[in-house]
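Raw my_file-v8.cif, mmCIF, C-alpha atoms:
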data_work
#
loop_
_atom_site.label_atom_id
_atom_site.label_comp_id
_atom_site.auth_asym_id
_atom_site.auth_seq_id
_atom_site.Cartn_x
_atom_site.Cartn_y
_atom_site.Cartn_z
CA MET K 1 163.62 123.15 -155.68
CA SER K 2 167.09 121.75 -156.15
CA THR K 3 170.36 123.13 -157.36
CA VAL K 4 171.53 121.25 -160.41
CA LYS K 5 175.20 121.52 -161.35
CA LEU K 6 176.27 120.34 -164.77
CA THR K 7 178.52 121.22 -167.68
CA VAL K 8 176.80 122.58 -170.78
CA ASN K 9 178.81 123.11 -173.96
CA GLY K 10 182.00 123.09 -171.95
CA LYS K 11 180.85 125.62 -169.35
CA ALA K 12 180.09 124.70 -165.75
CA VAL K 13 176.62 125.92 -164.76
CA SER K 14 174.57 125.82 -161.59
CA VAL K 15 170.80 126.22 -161.88
CA ASP K 16 167.99 126.24 -159.31
CA VAL K 17 165.01 124.34 -160.70
CA GLU K 18 161.93 122.49 -159.49
CA ASP K 19 162.57 118.75 -159.27
CA ARG K 20 159.97 118.13 -161.99
CA THR K 21 161.90 120.26 -164.51
CA LEU K 22 162.89 118.40 -167.65
CA LEU K 23 166.41 118.79 -168.97
CA VAL K 24 165.07 120.44 -172.13
CA HIS K 25 163.37 123.15 -170.06
CA LEU K 26 166.51 123.80 -168.03
CA LEU K 27 168.39 124.29 -171.30
CA ARG K 28 165.78 126.47 -172.97
CA GLU K 29 164.35 128.48 -170.11
CA ASN K 30 167.17 128.76 -167.59
CA LEU K 31 170.13 128.85 -169.97
CA ASN K 32 168.34 130.40 -172.99
CA LEU K 33 169.71 127.68 -175.24
CA THR K 34 166.63 127.63 -177.46
CA GLY K 35 168.24 125.68 -180.28
CA THR K 36 167.02 122.51 -178.58
CA HIS K 37 163.35 122.17 -179.52
CA VAL K 38 160.26 120.55 -178.04
CA GLY K 39 158.29 119.00 -180.87
CA CYS K 40 155.97 116.53 -179.21
CA ASP K 41 154.79 115.55 -175.77
CA THR K 42 155.32 111.86 -176.21
CA SER K 43 159.10 111.33 -176.48
CA GLN K 44 158.82 110.33 -180.12
CA CYS K 45 159.90 113.21 -182.34
CA GLY K 46 163.55 113.72 -181.37
CA ALA K 47 163.60 117.53 -181.82
CA CYS K 48 165.01 117.77 -178.28
CA VAL K 49 168.00 115.44 -178.74
CA VAL K 50 171.19 116.56 -176.98
CA HIS K 51 174.32 114.66 -175.98
CA VAL K 52 174.61 113.69 -172.32
CA ASP K 53 178.04 112.27 -171.52
CA GLY K 54 178.50 111.60 -175.22
CA ARG K 55 175.20 109.80 -175.79
CA ALA K 56 172.37 111.28 -177.89
CA VAL K 57 169.26 111.31 -175.69
CA LYS K 58 165.87 112.98 -175.68
CA SER K 59 166.16 115.89 -173.25
CA CYS K 60 162.36 115.96 -172.87
CA THR K 61 162.53 112.49 -171.37
CA MET K 62 165.10 113.16 -168.71
CA LEU K 63 164.70 115.18 -165.53
CA ALA K 64 167.15 118.05 -165.09
CA GLY K 65 168.28 116.42 -161.86
CA GLN K 66 169.27 113.28 -163.75
CA ALA K 67 171.78 115.36 -165.70
CA ALA K 68 173.48 116.67 -162.55
CA GLY K 69 177.22 116.12 -162.84
CA CYS K 70 176.90 115.29 -166.52
CA ASN K 71 178.50 116.80 -169.59
CA VAL K 72 175.79 118.11 -171.92
CA THR K 73 176.31 119.25 -175.51
CA THR K 74 173.53 121.06 -177.34
CA ILE K 75 173.29 122.20 -180.97
CA GLU K 76 174.83 125.51 -179.84
CA GLY K 77 177.95 123.68 -178.71
CA LEU K 78 178.79 121.94 -181.99
CA ALA K 79 180.34 124.72 -184.10
CA LYS K 80 183.85 125.99 -183.40
CA GLY K 81 183.22 129.73 -183.42
CA ASP K 82 182.17 130.64 -186.95
CA GLU K 83 183.22 127.28 -188.33
CA LEU K 84 180.24 124.96 -188.61
CA HIS K 85 180.53 121.36 -187.44
CA PRO K 86 180.90 119.09 -190.53
CA MET K 87 177.37 117.77 -189.88
CA GLN K 88 175.94 121.30 -189.84
CA ALA K 89 177.85 122.18 -193.01
CA ALA K 90 176.61 119.00 -194.72
CA PHE K 91 172.98 119.78 -193.80
CA ARG K 92 173.40 123.26 -195.33
CA ASP K 93 175.11 122.00 -198.48
CA ASN K 94 172.65 119.16 -199.07
CA HIS K 95 169.51 121.19 -198.32
CA GLY K 96 168.93 118.88 -195.38
CA LEU K 97 166.32 121.15 -193.85
CA GLN K 98 163.07 122.72 -194.89
CA CYS K 99 161.26 124.39 -191.99
CA GLY K 100 164.23 123.60 -189.76
CA TYR K 101 162.28 122.66 -186.64
CA CYS K 102 163.58 119.10 -186.41
CA THR K 103 167.09 120.06 -187.54
CA PRO K 104 168.85 120.51 -184.18
CA GLY K 105 167.68 117.08 -183.03
CA MET K 106 168.47 115.53 -186.40
CA ILE K 107 172.00 116.91 -186.29
CA MET K 108 172.65 115.81 -182.71
CA SER K 109 171.36 112.30 -183.47
CA ALA K 110 173.29 112.20 -186.74
CA VAL K 111 176.60 113.12 -185.07
CA ASP K 112 176.01 110.28 -182.62
CA ILE K 113 175.25 107.87 -185.49
CA VAL K 114 178.51 108.76 -187.22
CA HIS K 115 180.44 108.40 -183.97
CA ARG K 116 179.00 104.91 -183.48
CA HIS K 117 179.31 103.63 -187.03
CA GLY K 118 182.27 105.58 -188.35
CA GLY K 119 183.16 104.65 -191.91
CA LYS K 120 180.75 101.70 -192.07
CA LEU K 121 177.72 103.94 -192.52
CA ASP K 122 175.37 103.22 -195.42
CA GLU K 123 172.02 104.66 -196.43
CA GLU K 124 169.97 101.85 -194.91
CA THR K 125 171.73 102.21 -191.55
CA VAL K 126 171.18 105.98 -191.51
CA ARG K 127 167.47 105.57 -192.24
CA HIS K 128 167.12 102.90 -189.58
CA GLU K 129 169.07 104.87 -186.97
CA LEU K 130 167.04 108.04 -187.56
CA GLU K 131 163.89 106.24 -186.41
CA GLY K 132 163.72 108.41 -183.31
CA ASN K 133 163.73 111.68 -185.23
CA ILE K 134 160.67 112.85 -187.11
CA CYS K 135 160.71 115.45 -189.91
CA ARG K 136 157.16 116.64 -190.55
CA CYS K 137 158.24 118.29 -193.81
CA THR K 138 159.18 114.68 -194.73
CA GLY K 139 162.53 115.91 -196.02
CA TYR K 140 164.27 112.65 -195.22
CA HIS K 141 166.01 112.14 -198.57
CA ASN K 142 168.26 115.16 -198.17
CA ILE K 143 168.72 114.57 -194.45
CA VAL K 144 170.06 111.09 -195.21
CA LYS K 145 172.26 112.52 -197.97
CA ALA K 146 173.61 115.12 -195.53
CA VAL K 147 174.42 112.51 -192.88
CA LEU K 148 176.30 110.33 -195.37
CA ASP K 149 178.16 113.36 -196.70
CA ALA K 150 179.07 114.45 -193.18
CA ALA K 151 180.26 110.96 -192.28
CA GLY K 152 182.89 111.31 -195.01
CA ARG K 153 183.82 114.83 -193.89
CA MET K 154 184.08 113.79 -190.23
CA LYS K 155 186.41 110.94 -191.19
CA VAL K 156 188.62 113.37 -193.09
CA ALA K 157 188.53 115.88 -190.21
CA GLN K 158 189.46 113.13 -187.76
CA ALA K 159 192.36 111.97 -189.92
CA ALA K 160 193.64 115.54 -190.15
CA GLU K 161 193.65 115.99 -186.37
CA MET V 1 153.97 117.07 -164.84
CA TYR V 2 152.84 117.36 -161.24
CA GLU V 3 155.34 118.32 -158.59
CA THR V 4 157.63 115.60 -157.36
CA ASN V 5 160.82 115.16 -155.35
CA TYR V 6 163.83 113.78 -157.18
CA HIS V 7 166.34 111.58 -155.35
CA ARG V 8 169.44 110.04 -156.86
CA ALA V 9 170.16 106.72 -155.18
CA SER V 10 173.79 105.85 -154.44
CA SER V 11 173.21 102.15 -153.76
CA VAL V 12 170.44 99.56 -153.79
CA ALA V 13 170.09 99.86 -150.01
CA ASP V 14 169.92 103.66 -150.26
CA ALA V 15 167.25 103.40 -152.98
CA ALA V 16 165.11 101.06 -150.89
CA ALA V 17 165.42 103.26 -147.79
CA THR V 18 164.55 106.44 -149.72
CA PHE V 19 161.61 104.70 -151.36
CA ALA V 20 160.19 103.74 -147.97
CA LYS V 21 160.29 107.35 -146.76
CA GLY V 22 158.16 108.79 -149.60
CA ALA V 23 154.35 108.91 -149.46
CA GLU V 24 153.94 107.56 -152.99
CA SER V 25 157.39 106.70 -154.28
CA LYS V 26 158.34 105.38 -157.69
CA PHE V 27 161.65 104.05 -158.89
CA LEU V 28 163.00 105.82 -161.96
CA ALA V 29 165.28 103.70 -164.13
CA GLY V 30 165.76 104.92 -167.70
CA GLY V 31 162.55 106.92 -167.46
CA GLN V 32 161.56 106.23 -171.06
CA THR V 33 158.09 105.16 -169.97
CA LEU V 34 157.68 106.70 -166.53
CA LEU V 35 158.57 110.26 -167.55
CA PRO V 36 156.20 110.38 -170.56
CA VAL V 37 153.45 109.01 -168.30
CA MET V 38 154.25 111.64 -165.65
CA LYS V 39 154.22 114.35 -168.32
CA GLN V 40 150.70 113.26 -169.24
CA ARG V 41 149.81 113.40 -165.54
CA LEU V 42 148.78 109.76 -165.64
CA ALA V 43 151.28 109.11 -162.84
CA ALA V 44 152.04 111.51 -160.03
CA PRO V 45 154.57 110.01 -157.63
CA THR V 46 155.48 112.24 -154.68
CA ASP V 47 159.04 110.98 -154.92
CA VAL V 48 161.08 109.52 -157.76
CA ILE V 49 164.16 107.53 -156.82
CA ASP V 50 166.69 107.43 -159.65
CA LEU V 51 168.39 104.04 -160.02
CA SER V 52 170.29 104.84 -163.21
CA LYS V 53 173.52 105.84 -161.44
CA VAL V 54 173.64 102.97 -158.96
CA GLN V 55 176.96 101.43 -160.00
CA GLU V 56 176.26 98.01 -158.46
CA MET V 57 173.21 97.79 -160.77
CA ILE V 58 175.03 98.40 -164.06
CA GLY V 59 176.94 95.85 -166.08
CA ILE V 60 176.94 92.46 -167.78
CA GLU V 61 178.59 89.28 -166.56
CA VAL V 62 178.98 85.99 -168.38
CA SER V 63 180.13 83.00 -166.39
CA GLY V 64 179.86 79.45 -167.64
CA ASP V 65 176.37 78.96 -168.99
CA THR V 66 174.80 82.08 -167.49
CA VAL V 67 174.51 85.63 -168.76
CA THR V 68 173.68 88.11 -166.01
CA ILE V 69 172.51 91.58 -166.94
CA LYS V 70 172.26 93.97 -164.03
CA GLY V 71 169.00 95.86 -163.59
CA ALA V 72 170.00 99.38 -164.61
CA THR V 73 171.97 98.35 -167.70
CA PRO V 74 170.75 100.28 -170.75
CA HIS V 75 169.50 98.47 -173.86
CA TYR V 76 172.35 99.99 -175.89
CA ASP V 77 174.96 98.36 -173.66
CA VAL V 78 173.27 94.96 -174.01
CA ALA V 79 173.02 95.32 -177.79
CA GLN V 80 176.70 96.29 -178.06
CA SER V 81 178.09 93.78 -175.57
CA ASP V 82 180.56 91.38 -177.16
CA ALA V 83 179.89 88.91 -174.36
CA VAL V 84 176.11 88.90 -174.97
CA GLN V 85 176.57 88.78 -178.73
CA LYS V 86 178.72 85.69 -178.30
CA ALA V 87 176.68 83.88 -175.61
CA ILE V 88 173.09 84.75 -176.64
CA PRO V 89 173.16 86.71 -179.91
CA ALA V 90 169.35 86.73 -180.04
CA LEU V 91 169.27 88.71 -176.79
CA ALA V 92 171.68 91.36 -178.11
CA ASN V 93 169.64 91.49 -181.29
CA LEU V 94 166.41 91.96 -179.31
CA ALA V 95 167.96 94.82 -177.33
CA SER V 96 169.06 96.50 -180.58
CA MET V 97 165.43 96.59 -181.77
CA ILE V 98 163.88 98.30 -178.73
CA GLY V 99 162.51 101.78 -179.45
CA ASP V 100 165.00 104.08 -181.17
CA PRO V 101 168.69 104.82 -180.47
CA ALA V 102 167.96 107.62 -177.96
CA VAL V 103 165.56 105.37 -176.06
CA ARG V 104 168.11 102.52 -176.04
CA TYR V 105 170.73 104.77 -174.43
CA ARG V 106 168.45 105.51 -171.48
CA GLY V 107 166.00 102.60 -171.18
CA THR V 108 167.03 99.74 -168.91
CA ILE V 109 166.19 96.05 -168.67
CA GLY V 110 164.96 96.38 -165.08
CA GLY V 111 162.74 99.34 -165.91
CA SER V 112 161.23 97.56 -168.89
CA LEU V 113 160.50 94.42 -166.87
CA ALA V 114 159.06 96.25 -163.85
CA ASN V 115 156.70 98.10 -166.19
CA ASN V 116 155.77 94.88 -168.06
CA ASP V 117 154.19 96.58 -171.04
CA PRO V 118 152.29 93.86 -172.95
CA ALA V 119 154.16 94.85 -176.14
CA ALA V 120 157.66 95.19 -174.65
CA ASP V 121 160.44 93.00 -176.06
CA TYR V 122 162.37 91.74 -173.03
CA PRO V 123 159.51 89.73 -171.46
CA ALA V 124 159.52 87.37 -174.47
CA ALA V 125 163.25 86.70 -174.01
CA LEU V 126 162.90 86.04 -170.28
CA LEU V 127 160.01 83.64 -170.69
CA ALA V 128 161.50 81.74 -173.64
CA LEU V 129 164.97 81.48 -172.14
CA GLY V 130 163.68 80.57 -168.67
CA ALA V 131 165.45 83.52 -167.05
CA THR V 132 165.46 84.42 -163.38
CA VAL V 133 164.73 87.91 -162.06
CA LYS V 134 166.92 88.85 -159.09
CA THR V 135 165.61 91.52 -156.75
CA ASN V 136 166.91 93.07 -153.56
CA LYS V 137 164.74 90.54 -151.71
CA ARG V 138 164.62 87.28 -153.68
CA SER V 139 164.86 85.42 -156.99
CA ILE V 140 161.75 85.05 -159.17
CA THR V 141 161.43 82.75 -162.19
CA ALA V 142 160.12 84.33 -165.39
CA GLU V 143 156.99 82.15 -165.14
CA ASP V 144 156.20 83.59 -161.73
CA PHE V 145 157.27 87.14 -162.53
CA PHE V 146 154.83 88.19 -165.26
CA LYS V 147 151.28 88.55 -163.95
CA GLY V 148 149.42 90.17 -166.84
CA LEU V 149 149.18 93.67 -168.32
CA PHE V 150 151.56 96.04 -166.55
CA THR V 151 151.53 93.68 -163.57
CA THR V 152 154.40 91.72 -162.06
CA ALA V 153 155.22 89.74 -158.94
CA LEU V 154 157.23 92.70 -157.60
CA GLU V 155 156.14 93.98 -154.23
CA ASP V 156 156.00 97.66 -153.38
CA GLY V 157 159.56 98.92 -153.01
CA GLU V 158 161.19 95.82 -154.50
CA ILE V 159 164.04 96.51 -156.93
CA ILE V 160 165.16 94.38 -159.88
CA THR V 161 168.91 94.20 -159.38
CA ALA V 162 169.71 91.73 -162.18
CA VAL V 163 168.37 89.16 -164.63
CA SER V 164 170.11 85.81 -165.21
CA PHE V 165 169.70 84.02 -168.51
CA PRO V 166 170.78 80.42 -169.08
CA VAL V 167 172.72 80.21 -172.35
CA PRO V 168 170.58 78.21 -174.82
CA ALA V 169 171.73 75.87 -177.58
CA LYS V 170 169.89 78.07 -180.08
CA ALA V 171 167.67 81.13 -179.89
CA GLY V 172 166.13 83.71 -182.19
CA TYR V 173 163.83 86.71 -181.97
CA ALA V 174 161.67 88.29 -184.65
CA LYS V 175 159.24 91.12 -184.25
CA PHE V 176 156.79 93.03 -186.35
CA PRO V 177 157.19 96.52 -184.93
CA ASN V 178 154.49 99.13 -184.77
CA PRO V 179 155.96 101.61 -187.27
CA ALA V 180 155.38 104.61 -184.99
CA SER V 181 156.27 103.36 -181.52
CA ARG V 182 158.56 100.42 -182.40
CA PHE V 183 156.76 98.39 -179.75
CA ALA V 184 156.03 94.84 -180.88
CA LEU V 185 152.76 94.47 -182.73
CA THR V 186 153.84 90.90 -182.18
CA GLY V 187 157.27 89.55 -181.33
CA VAL V 188 158.26 85.90 -180.92
CA PHE V 189 161.32 84.53 -179.13
CA VAL V 190 162.23 80.88 -179.77
CA ALA V 191 164.80 78.97 -177.76
CA ARG V 192 166.16 75.43 -177.66
CA THR V 193 167.79 74.72 -174.33
CA LYS V 194 170.99 72.73 -174.01
CA ALA V 195 168.89 69.90 -172.53
CA GLY V 196 166.87 69.79 -175.76
CA ASP V 197 163.68 71.46 -174.50
CA VAL V 198 161.99 74.03 -176.75
CA ARG V 199 160.44 77.17 -175.28
CA VAL V 200 158.63 79.84 -177.29
CA ALA V 201 157.18 83.11 -176.00
CA ALA V 202 155.19 85.83 -177.76
CA THR V 203 154.85 89.47 -176.77
CA GLY V 204 152.40 92.08 -178.08
CA ALA V 205 149.89 89.37 -178.95
CA SER V 206 147.93 88.36 -175.87
CA GLN V 207 145.44 90.32 -173.79
CA SER V 208 147.25 88.96 -170.73
CA GLY V 209 150.73 90.08 -171.72
CA VAL V 210 153.64 87.85 -172.64
CA MET V 211 152.70 84.18 -173.19
CA ARG V 212 154.18 80.79 -174.04
CA VAL V 213 153.04 79.40 -177.39
CA ALA V 214 152.42 75.67 -176.93
CA PRO V 215 151.51 74.75 -180.55
CA ILE V 216 154.79 76.23 -181.82
CA GLU V 217 156.79 74.59 -179.03
CA GLN V 218 155.34 71.17 -179.92
CA ALA V 219 155.99 71.60 -183.62
CA LEU V 220 159.58 72.75 -183.06
CA LYS V 221 160.27 69.94 -180.60
CA ALA V 222 159.43 67.48 -183.37
CA ASN V 223 161.33 69.40 -186.04
CA TRP V 224 163.41 72.57 -185.45
CA ALA V 225 162.66 74.26 -188.78
CA ALA V 226 160.58 77.22 -189.95
CA SER V 227 158.67 74.88 -192.24
CA ALA V 228 157.56 72.85 -189.22
CA LEU V 229 155.20 75.73 -188.39
CA ASP V 230 153.51 75.77 -191.82
CA SER V 231 150.61 73.65 -190.60
CA VAL V 232 150.39 75.18 -187.11
CA THR V 233 147.30 77.21 -186.26
CA ILE V 234 147.39 79.74 -183.42
CA PRO V 235 144.00 80.25 -181.75
CA ALA V 236 142.86 83.90 -181.88
CA SER V 237 140.89 83.74 -178.64
CA GLY V 238 142.40 85.92 -175.94
CA LEU V 239 144.60 87.82 -178.38
CA LEU V 240 144.69 91.62 -178.58
CA ALA V 241 142.53 93.42 -181.13
CA ASP V 242 142.96 97.15 -181.74
CA ILE V 243 143.30 99.68 -184.57
CA HIS V 244 146.68 98.21 -185.45
CA GLY V 245 145.48 94.66 -185.99
CA SER V 246 142.67 92.20 -185.27
CA ALA V 247 143.07 89.10 -183.08
CA ASP V 248 143.14 86.91 -186.21
CA TYR V 249 145.85 89.09 -187.72
CA ARG V 250 147.95 88.79 -184.57
CA ALA V 251 147.39 85.03 -184.43
CA ASN V 252 148.89 84.78 -187.90
CA LEU V 253 151.71 87.13 -186.89
CA VAL V 254 152.63 84.82 -184.00
CA LYS V 255 153.15 82.01 -186.49
CA VAL V 256 155.01 84.13 -189.07
CA MET V 257 157.25 85.79 -186.47
CA GLY V 258 157.85 82.33 -184.99
CA GLN V 259 159.05 81.11 -188.39
CA ARG V 260 161.32 84.13 -188.83
CA ALA V 261 162.70 83.65 -185.31
CA VAL V 262 163.59 80.03 -186.07
CA THR V 263 165.29 81.12 -189.30
CA ALA V 264 167.22 83.78 -187.35
CA ALA V 265 168.24 81.18 -184.75
CA GLY V 266 169.58 78.88 -187.46
#
Output the structure of this file as structure tokens.
Amino acid sequence: MSTVKLTVNGKAVSVDVEDRTLLVHLLRENLNLTGTHVGCDTSQCGACVVHVDGRAVKSCTMLAGQAAGCNVTTIEGLAKGDELHPMQAAFRDNHGLQCGYCTPGMIMSAVDIVHRHGGKLDEETVRHELEGNICRCTGYHNIVKAVLDAAGRMKVAQAAE
Amino acid sequence: MYETNYHRASSVADAAATFAKGAESKFLAGGQTLLPVMKQRLAAPTDVIDLSKVQEMIGIEVSGDTVTIKGATPHYDVAQSDAVQKAIPALANLASMIGDPAVRYRGTIGGSLANNDPAADYPAALLALGATVKTNKRSITAEDFFKGLFTTALEDGEIITAVSFPVPAKAGYAKFPNPASRFALTGVFVARTKAGDVRVAATGASQSGVMRVAPIEQALKANWAASALDSVTIPASGLLADIHGSADYRANLVKVMGQRAVTAAG
């Protein structure tokens, strides 16, 4: 057992976990942040994507101990109170989800994509960059539409700030 | 995953000392291969020593005709590096094609090389560019480093601290990725050194891991053009055959990816 101290969605937390605990299990089982999903056992599906120090990573492929001292943002940390993050709003408006299982990971990856590419985002880039996120409903068309829509909204939001 | 003890190393020396204390230690770099393998219980190290926060092992340096990438530098940083894009654009391009974006944020050059997956991308770049692997004990040429499937010249407890690449006159990389894993079904790296030598390496193709491709090297030495490979035949003997592609299919891929790599190199 080790004590892992990290910041999750802006709050400092300290959790006692076995060293073999994956970050995703610390989030889900110790902190009850069940928005982050486990979709596969092979690090391929991306349902578990969270931001660690601003980078979108698969929390099922990182030990909890590796996140010690890090700043973690999960899907629960995106909205500002009742106001959805522009990416969440765009997913809702564009019907970017069907069963919704992959959605938290999709949104966390998508926010990272927009941060990296900013205004230069096109459909091909979005499709290429979403390679690490699998939607088994195969609802990719509307997911891609949502990401492009959100990219525009995030630019506007940034300009307004 | 079986129980294990996690240690975060603060320096290369600390990592080596901690490794020596464990019964069955493993170094953990980006963890994008080791952790999935541990989850499947195919590996069960008693101790994992995390190298990803060792500051002296992270970063990229370009001086004169050498690009040095430190061992724990993530693929994303290599792909994004202005210095690498300027000195060896093919290397930045290769790094941008590894796995998916989340994998590239975590996966490191040292971790990839120490694992030496026969379908990994970096080994092709090292072999074609004539790179040198620097460890905490010595320097190893790419020729001497790769020893076959998942096997390298590294000794137990030896750490890849950096890789040095000589800047070539021209280089290009092309790969045919497995659509699910993004590993190379076959990837070919072509390089023309500043002294005029041509070196070509293929990954994902051979049963013995990364390999030089002599017929392509000879053809490109005579004429650096994609069309120079039109009449080249790659022997299928010793090439991988699996559900994704036969040995003959891969032999043809070596040639086609070679042509695309030359086109990319310009």
Checklist entry - Mind telling me what the PyMOL selection byres ((chain K and resi 7) around 9) catches here, as number ranges by chain? => result K: 5-6, 8-14, 68-73
Checklist entry - Closest to His51 in chain K among K:Ala79, K:Leu33, K:Val4, K:Ile107, using all atoms listed in the file? => result K:Ile107
Item to check | Test item: residues at most 12 Å from Leu27 in chain K, only C-alpha atoms, excluding those fewer than 2 positions along its chain, as a ChimeraX atom specification | outcome: /K:4,6-9,13-15,17,21-25,29-38,48-50,59-60,62-64,67,72-76
Item to check | Test item: residues at most 9 Å from range 88-91 of chain K, all atoms listed in the file, excluding those fewer than 6 positions along its chain, as a VMD selection string | outcome: chain K and resid 78 to 79 97 103 107 142 to 143 145 to 150 153
Counting only C-alpha atoms, give me one row per residue of chain V with an atom at most 6 Å from an atom of chain K, showing the shortest contact pair and its distance in Å to one decimal, sorted by chain then residue number, as a Markdown table.
| residue | atom | partner | partner_atom | distance |
| --- | --- | --- | --- | --- |
| V:Glu3 | CA | K:Arg20 | CA | 5.7 |
| V:Thr4 | CA | K:Arg20 | CA | 5.8 |
| V:Asn5 | CA | K:Asp19 | CA | 5.6 |
| V:Tyr6 | CA | K:Asp19 | CA | 5.5 |
| V:Leu35 | CA | K:Thr61 | CA | 5.9 |
| V:Pro36 | CA | K:Thr42 | CA | 5.9 |
| V:Asp100 | CA | K:Gly132 | CA | 5.0 |
| V:Ala102 | CA | K:Val57 | CA | 4.5 |
Using C-alpha atoms, can you write the selected residues to a file as a PDB file, keeping the file's coordinate frame?
ATOM      1  CA  GLU V   3     155.340 118.320-158.590  1.00  0.00           C
ATOM      2  CA  THR V   4     157.630 115.600-157.360  1.00  0.00           C
ATOM      3  CA  ASN V   5     160.820 115.160-155.350  1.00  0.00           C
ATOM      4  CA  TYR V   6     163.830 113.780-157.180  1.00  0.00           C
ATOM      5  CA  LEU V  35     158.570 110.260-167.550  1.00  0.00           C
ATOM      6  CA  PRO V  36     156.200 110.380-170.560  1.00  0.00           C
ATOM      7  CA  ASP V 100     165.000 104.080-181.170  1.00  0.00           C
ATOM      8  CA  ALA V 102     167.960 107.620-177.960  1.00  0.00           C
TER       9      ALA V 102
END
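Across the model, the gap from CA of Phe189 in chain V to CA of Leu126 in chain V is 9.1 Å.
Contact shell of Thr138 in chain K at 12 Å (only C-alpha atoms; same-chain neighbours under 2 positions omitted): Gly96, Leu97, Gln98, Cys99, Gly100, Tyr101, Cys102, Thr103, Asn133, Ile134, Cys135, Arg136, Tyr140, His141, Asn142, Ile143 and Val144 of chain K.
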Next on the checklist: Between CA of Thr186 in chain V and CA of Lys221 in chain V, what distance in Å does the model show, to one decimal?
Outcome noted: 22.0 Å
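Using only C-alpha atoms, the smallest distance between any of V:Gly99, V:Asn115, V:Val78, V:Leu51 and Pro179 in chain V comes from V:Gly99.
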Checklist entry - Written as a PyMOL selection string, which residues does the PyMOL selection byres ((chain V and resi 152) around 12) give for the file shown? => result chain V and resi 110-118+123+133+140-151+153-156+158-160+208-210
Checklist entry - Which residues match the PyMOL selection byres ((chain V and resi 82) around 12) in the file above, as a list in words? => result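 Going through the file, the PyMOL selection byres ((chain V and resi 82) around 12) ends up selecting Ile60, Glu61, Val62, Val67, Tyr76, Asp77, Val78, Ala79, Gln80, Ser81, Ala83, Val84, Gln85, Lys86, Ala87, Ile88, Pro89, Leu91, Ala92 and Asn93 of chain V.
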Next on the checklist: Please report the interatomic distance between CA of Thr135 in chain V and CA of Ala162 in chain V in Å with one decimal.
Outcome noted: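 For CA of Thr135 in chain V relative to CA of Ala162 in chain V, the distance reads 6.8 Å.
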Can you report as AutoDock Vina command-line options the centre and edge lengths in Å, to one decimal, of an axis-aligned box around the listed atoms of range 107-122 of chain V padded with 6 Å on each side?
--center_x 159.7 --center_y 97.2 --center_z -170.0 --size_x 26.7 --size_y 22.9 --size_z 24.3
With the input short on atoms, add N, CA and C atoms back to range 104-115 of chain K and write it as an mmCIF file, keeping the file's coordinate frame.
data_model
loop_
_atom_site.group_PDB
_atom_site.id
_atom_site.type_symbol
_atom_site.label_atom_id
_atom_site.label_comp_id
_atom_site.auth_asym_id
_atom_site.auth_seq_id
_atom_site.Cartn_x
_atom_site.Cartn_y
_atom_site.Cartn_z
ATOM 1 N N PRO K 104 167.889 120.681 -185.278
ATOM 2 C CA PRO K 104 168.850 120.510 -184.180
ATOM 3 C C PRO K 104 168.900 119.071 -183.661
ATOM 4 N N GLY K 105 167.722 118.463 -183.497
ATOM 5 C CA GLY K 105 167.680 117.080 -183.030
ATOM 6 C C GLY K 105 168.254 116.127 -184.053
ATOM 7 N N MET K 106 167.928 116.360 -185.324
ATOM 8 C CA MET K 106 168.470 115.530 -186.400
ATOM 9 C C MET K 106 169.997 115.561 -186.376
ATOM 10 N N ILE K 107 170.538 116.755 -186.253
ATOM 11 C CA ILE K 107 172.000 116.910 -186.290
ATOM 12 C C ILE K 107 172.641 116.240 -185.077
ATOM 13 N N MET K 108 172.052 116.426 -183.906
ATOM 14 C CA MET K 108 172.650 115.810 -182.710
ATOM 15 C C MET K 108 172.583 114.283 -182.802
ATOM 16 N N SER K 109 171.455 113.747 -183.297
ATOM 17 C CA SER K 109 171.360 112.300 -183.470
ATOM 18 C C SER K 109 172.339 111.825 -184.534
ATOM 19 N N ALA K 110 172.439 112.606 -185.619
ATOM 20 C CA ALA K 110 173.290 112.200 -186.740
ATOM 21 C C ALA K 110 174.766 112.163 -186.327
ATOM 22 N N VAL K 111 175.206 113.122 -185.533
ATOM 23 C CA VAL K 111 176.600 113.120 -185.070
ATOM 24 C C VAL K 111 176.868 111.848 -184.259
ATOM 25 N N ASP K 112 175.888 111.490 -183.430
ATOM 26 C CA ASP K 112 176.010 110.280 -182.620
ATOM 27 C C ASP K 112 176.080 109.038 -183.512
ATOM 28 N N ILE K 113 175.263 109.016 -184.559
ATOM 29 C CA ILE K 113 175.250 107.870 -185.490
ATOM 30 C C ILE K 113 176.638 107.719 -186.134
ATOM 31 N N VAL K 114 177.193 108.825 -186.574
ATOM 32 C CA VAL K 114 178.510 108.760 -187.220
ATOM 33 C C VAL K 114 179.572 108.309 -186.214
ATOM 34 N N HIS K 115 179.480 108.818 -184.990
ATOM 35 C CA HIS K 115 180.440 108.400 -183.970
ATOM 36 C C HIS K 115 180.374 106.887 -183.745
#
